[in-house]
Amino acid sequence: MNSKASLNLSIQAIVIVVIAFVVLGLGLGFVRSQFSSIESTSTSVQEQISQQILDDLRTGNKPLSFPASKLVLETGEESVQAIGIKNTGDEDRSMLIKFFVKAEDGEKEFTSSQELDFTSTDGAEVSSTILWDNEPQDLNAGQTKVVPVTIAAPDKKGNYLFKVKLVKLVTAEDPDEEEYASKTFFIKTS
């Protein structure tokens, strides 16, 4: 009788293990499908934002569109944004996108993918990074373009004023750099 009870216990243990593996497999399949769904949703949202920026540039006839006026991020957190630019002139133009931050001693200019150290307006030593295509953007008359930007929030808590500028490219015929458009935005870190 005792061997029959231990055989029953062994069969129950095997059944429990099989059920556990089946549930685990179903759980993993569910999680995997959710992650692929999130990825496709994220891609879809990014495409919609790019399309909205382009539509905004076309209908508003503005040379520069930056979707956010304030970004709330954790210190050092990265945020991917998109900038829309448009040549509203009647001739082809080459333009540069530049980023600046308000510092204690004036505006400090970013270099793409390089960490910028600056003293904030309240005296703190801060660093931040912005990554974007800093090559000249050649646009035909009326042409629009969306440029992705990755912004790494400053590494100290605070509220920081950033500026994105669109400038006409300096040429031999026109050596003066001329601001074509600009927009300010805040990054609040916590």
# chains A, B, ... in the order shown; residues from 1 in each chain; ligands from 1

call {"tool": "residues_around", "arguments": {"residues": "segment 144-157 of chain A", "least_positions_apart": "6", "cutoff": "8 Å", "atoms": "only C-alpha atoms", "output": "PyMOL selection string"}}
result
chain A and resi 50+53-54+57-58+73-87+124+126-133+187-190

call {"tool": "select_by_dssp", "arguments": {"residues": "segment 41-189 of chain A", "states": "strand (DSSP E or B)", "output": "MDAnalysis selection string"}}
result
chainID A and resid 64:65 70:73 78:86 93:103 106:109 116:119 125:132 137:139 144:152 158:168 178:189

call {"tool": "residues_around", "arguments": {"residues": "Val101 of chain A", "least_positions_apart": "6", "cutoff": "12 Å", "atoms": "only C-alpha atoms", "output": "ChimeraX atom specification"}}
result
/A:107-111,116-121,126-130,153-154,159-165,183-187

call {"tool": "write_last_selection", "arguments": {"atoms": "C-alpha atoms", "output": "CSV table (one decimal), in the first residue's frame"}}
result
chain,number,residue,atom,x,y,z
A,107,GLU,CA,24.4,80.8,-24.3
A,108,LYS,CA,26.5,77.7,-24.7
A,109,GLU,CA,26.4,75.9,-28.1
A,110,PHE,CA,26.2,72.1,-28.3
A,111,THR,CA,28.3,70.0,-30.6
A,116,LEU,CA,28.6,69.9,-22.9
A,117,ASP,CA,29.7,71.1,-19.5
A,118,PHE,CA,28.2,74.5,-18.4
A,119,THR,CA,27.4,76.5,-15.3
A,120,SER,CA,23.6,76.8,-14.9
A,121,THR,CA,22.0,80.2,-14.2
A,126,VAL,CA,26.0,70.7,-15.2
A,127,SER,CA,26.5,68.5,-18.2
A,128,SER,CA,24.2,67.4,-21.0
A,129,THR,CA,24.4,65.9,-24.5
A,130,ILE,CA,22.3,66.3,-27.6
A,153,ALA,CA,18.7,65.6,-19.9
A,154,PRO,CA,21.2,67.6,-17.7
A,159,ASN,CA,14.8,73.8,-14.9
A,160,TYR,CA,17.0,74.6,-18.0
A,161,LEU,CA,16.2,76.8,-21.0
A,162,PHE,CA,17.3,75.3,-24.3
A,163,LYS,CA,17.1,76.8,-27.8
A,164,VAL,CA,17.1,75.2,-31.2
A,165,LYS,CA,18.2,77.5,-34.1
A,183,LYS,CA,12.4,78.0,-30.8
A,184,THR,CA,13.0,77.8,-27.1
A,185,PHE,CA,12.0,74.9,-24.9
A,186,PHE,CA,12.5,73.9,-21.3
A,187,ILE,CA,13.9,70.7,-19.8

call {"tool": "atom_distance", "arguments": {"atom1": "atom CA of Tyr180 of chain A", "atom2": "atom CA of Lys62 of chain A"}}
result
10.4 Å

call {"tool": "select_by_dssp", "arguments": {"residues": "segment 8-173 of chain A", "states": "helix (DSSP H, G or I)", "output": "ChimeraX atom specification"}}
result
/A:8-60

call {"tool": "atom_distance", "arguments": {"atom1": "atom CA of Asn134 of chain A", "atom2": "atom CA of Arg93 of chain A"}}
result
15.3 Å

call {"tool": "decode", "arguments": {"residues": "segment 54-91 of chain A", "atoms": "N, CA and C atoms", "output": "mmCIF file, in the first residue's frame"}}
result
data_model
loop_
_atom_site.group_PDB
_atom_site.id
_atom_site.type_symbol
_atom_site.label_atom_id
_atom_site.label_comp_id
_atom_site.auth_asym_id
_atom_site.auth_seq_id
_atom_site.Cartn_x
_atom_site.Cartn_y
_atom_site.Cartn_z
ATOM 1 N N LEU A 54 5.300 67.390 -40.226
ATOM 2 C CA LEU A 54 5.296 67.782 -41.636
ATOM 3 C C LEU A 54 4.017 68.540 -41.998
ATOM 4 N N ASP A 55 2.869 68.051 -41.509
ATOM 5 C CA ASP A 55 1.601 68.741 -41.778
ATOM 6 C C ASP A 55 1.607 70.135 -41.166
ATOM 7 N N ASP A 56 2.149 70.256 -39.961
ATOM 8 C CA ASP A 56 2.235 71.558 -39.293
ATOM 9 C C ASP A 56 3.089 72.527 -40.107
ATOM 10 N N LEU A 57 4.203 72.042 -40.637
ATOM 11 C CA LEU A 57 5.071 72.897 -41.448
ATOM 12 C C LEU A 57 4.381 73.332 -42.737
ATOM 13 N N ARG A 58 3.654 72.402 -43.348
ATOM 14 C CA ARG A 58 2.987 72.724 -44.615
ATOM 15 C C ARG A 58 1.867 73.739 -44.435
ATOM 16 N N THR A 59 1.034 73.504 -43.425
ATOM 17 C CA THR A 59 -0.135 74.372 -43.256
ATOM 18 C C THR A 59 0.224 75.688 -42.570
ATOM 19 N N GLY A 60 1.184 75.685 -41.672
ATOM 20 C CA GLY A 60 1.540 76.894 -40.938
ATOM 21 C C GLY A 60 2.583 77.742 -41.636
ATOM 22 N N ASN A 61 3.230 77.194 -42.646
ATOM 23 C CA ASN A 61 4.292 77.878 -43.372
ATOM 24 C C ASN A 61 5.361 78.427 -42.420
ATOM 25 N N LYS A 62 5.694 77.606 -41.410
ATOM 26 C CA LYS A 62 6.739 77.959 -40.458
ATOM 27 C C LYS A 62 8.023 77.243 -40.874
ATOM 28 N N PRO A 63 9.169 77.883 -40.691
ATOM 29 C CA PRO A 63 10.424 77.228 -41.068
ATOM 30 C C PRO A 63 10.917 76.193 -40.065
ATOM 31 N N LEU A 64 10.419 76.235 -38.809
ATOM 32 C CA LEU A 64 10.920 75.336 -37.776
ATOM 33 C C LEU A 64 9.774 74.863 -36.896
ATOM 34 N N SER A 65 9.725 73.556 -36.645
ATOM 35 C CA SER A 65 8.712 72.995 -35.760
ATOM 36 C C SER A 65 9.380 72.051 -34.779
ATOM 37 N N PHE A 66 9.211 72.349 -33.501
ATOM 38 C CA PHE A 66 9.688 71.485 -32.428
ATOM 39 C C PHE A 66 8.466 71.182 -31.578
ATOM 40 N N PRO A 67 8.079 69.909 -31.413
ATOM 41 C CA PRO A 67 6.777 69.579 -30.847
ATOM 42 C C PRO A 67 6.581 69.916 -29.368
ATOM 43 N N ALA A 68 7.644 70.055 -28.616
ATOM 44 C CA ALA A 68 7.488 70.240 -27.170
ATOM 45 C C ALA A 68 7.987 71.611 -26.744
ATOM 46 N N SER A 69 7.291 72.214 -25.799
ATOM 47 C CA SER A 69 7.795 73.450 -25.197
ATOM 48 C C SER A 69 8.416 73.147 -23.836
ATOM 49 N N LYS A 70 8.107 71.946 -23.291
ATOM 50 C CA LYS A 70 8.686 71.536 -22.013
ATOM 51 C C LYS A 70 8.824 70.021 -21.983
ATOM 52 N N LEU A 71 10.000 69.558 -21.631
ATOM 53 C CA LEU A 71 10.254 68.131 -21.447
ATOM 54 C C LEU A 71 10.534 67.898 -19.967
ATOM 55 N N VAL A 72 9.842 66.958 -19.370
ATOM 56 C CA VAL A 72 10.071 66.603 -17.970
ATOM 57 C C VAL A 72 10.762 65.235 -17.966
ATOM 58 N N LEU A 73 12.010 65.223 -17.495
ATOM 59 C CA LEU A 73 12.833 64.019 -17.548
ATOM 60 C C LEU A 73 13.558 63.812 -16.224
ATOM 61 N N GLU A 74 14.005 62.591 -16.005
ATOM 62 C CA GLU A 74 14.891 62.303 -14.878
ATOM 63 C C GLU A 74 16.285 62.797 -15.260
ATOM 64 N N THR A 75 17.126 63.062 -14.271
ATOM 65 C CA THR A 75 18.487 63.506 -14.570
ATOM 66 C C THR A 75 19.198 62.452 -15.404
ATOM 67 N N GLY A 76 19.801 62.882 -16.505
ATOM 68 C CA GLY A 76 20.523 61.982 -17.398
ATOM 69 C C GLY A 76 19.663 61.148 -18.329
ATOM 70 N N GLU A 77 18.344 61.206 -18.192
ATOM 71 C CA GLU A 77 17.445 60.406 -19.038
ATOM 72 C C GLU A 77 17.472 60.931 -20.472
ATOM 73 N N GLU A 78 17.362 60.011 -21.426
ATOM 74 C CA GLU A 78 17.337 60.392 -22.838
ATOM 75 C C GLU A 78 15.917 60.446 -23.362
ATOM 76 N N SER A 79 15.686 61.395 -24.260
ATOM 77 C CA SER A 79 14.381 61.548 -24.902
ATOM 78 C C SER A 79 14.609 61.731 -26.399
ATOM 79 N N VAL A 80 13.883 60.963 -27.200
ATOM 80 C CA VAL A 80 13.985 61.096 -28.648
ATOM 81 C C VAL A 80 12.859 62.007 -29.123
ATOM 82 N N GLN A 81 13.234 63.060 -29.808
ATOM 83 C CA GLN A 81 12.290 64.040 -30.334
ATOM 84 C C GLN A 81 12.512 64.157 -31.840
ATOM 85 N N ALA A 82 11.679 64.929 -32.491
ATOM 86 C CA ALA A 82 11.839 65.182 -33.922
ATOM 87 C C ALA A 82 11.668 66.672 -34.167
ATOM 88 N N ILE A 83 12.484 67.199 -35.059
ATOM 89 C CA ILE A 83 12.416 68.601 -35.436
ATOM 90 C C ILE A 83 12.021 68.656 -36.900
ATOM 91 N N GLY A 84 11.083 69.505 -37.207
ATOM 92 C CA GLY A 84 10.700 69.714 -38.597
ATOM 93 C C GLY A 84 11.286 71.017 -39.089
ATOM 94 N N ILE A 85 11.877 70.980 -40.282
ATOM 95 C CA ILE A 85 12.411 72.204 -40.887
ATOM 96 C C ILE A 85 11.822 72.357 -42.281
ATOM 97 N N LYS A 86 11.673 73.609 -42.693
ATOM 98 C CA LYS A 86 11.101 73.893 -44.008
ATOM 99 C C LYS A 86 11.803 75.103 -44.605
ATOM 100 N N ASN A 87 12.100 75.000 -45.884
ATOM 101 C CA ASN A 87 12.633 76.134 -46.616
ATOM 102 C C ASN A 87 11.433 76.929 -47.125
ATOM 103 N N THR A 88 11.135 78.029 -46.451
ATOM 104 C CA THR A 88 9.983 78.844 -46.845
ATOM 105 C C THR A 88 10.359 79.869 -47.906
ATOM 106 N N GLY A 89 11.616 79.878 -48.313
ATOM 107 C CA GLY A 89 12.069 80.828 -49.333
ATOM 108 C C GLY A 89 11.758 80.355 -50.745
ATOM 109 N N ASP A 90 12.140 81.189 -51.699
ATOM 110 C CA ASP A 90 11.893 80.899 -53.116
ATOM 111 C C ASP A 90 13.080 80.270 -53.818
ATOM 112 N N GLU A 91 14.179 80.064 -53.093
ATOM 113 C CA GLU A 91 15.366 79.465 -53.703
ATOM 114 C C GLU A 91 15.886 78.346 -52.809
#
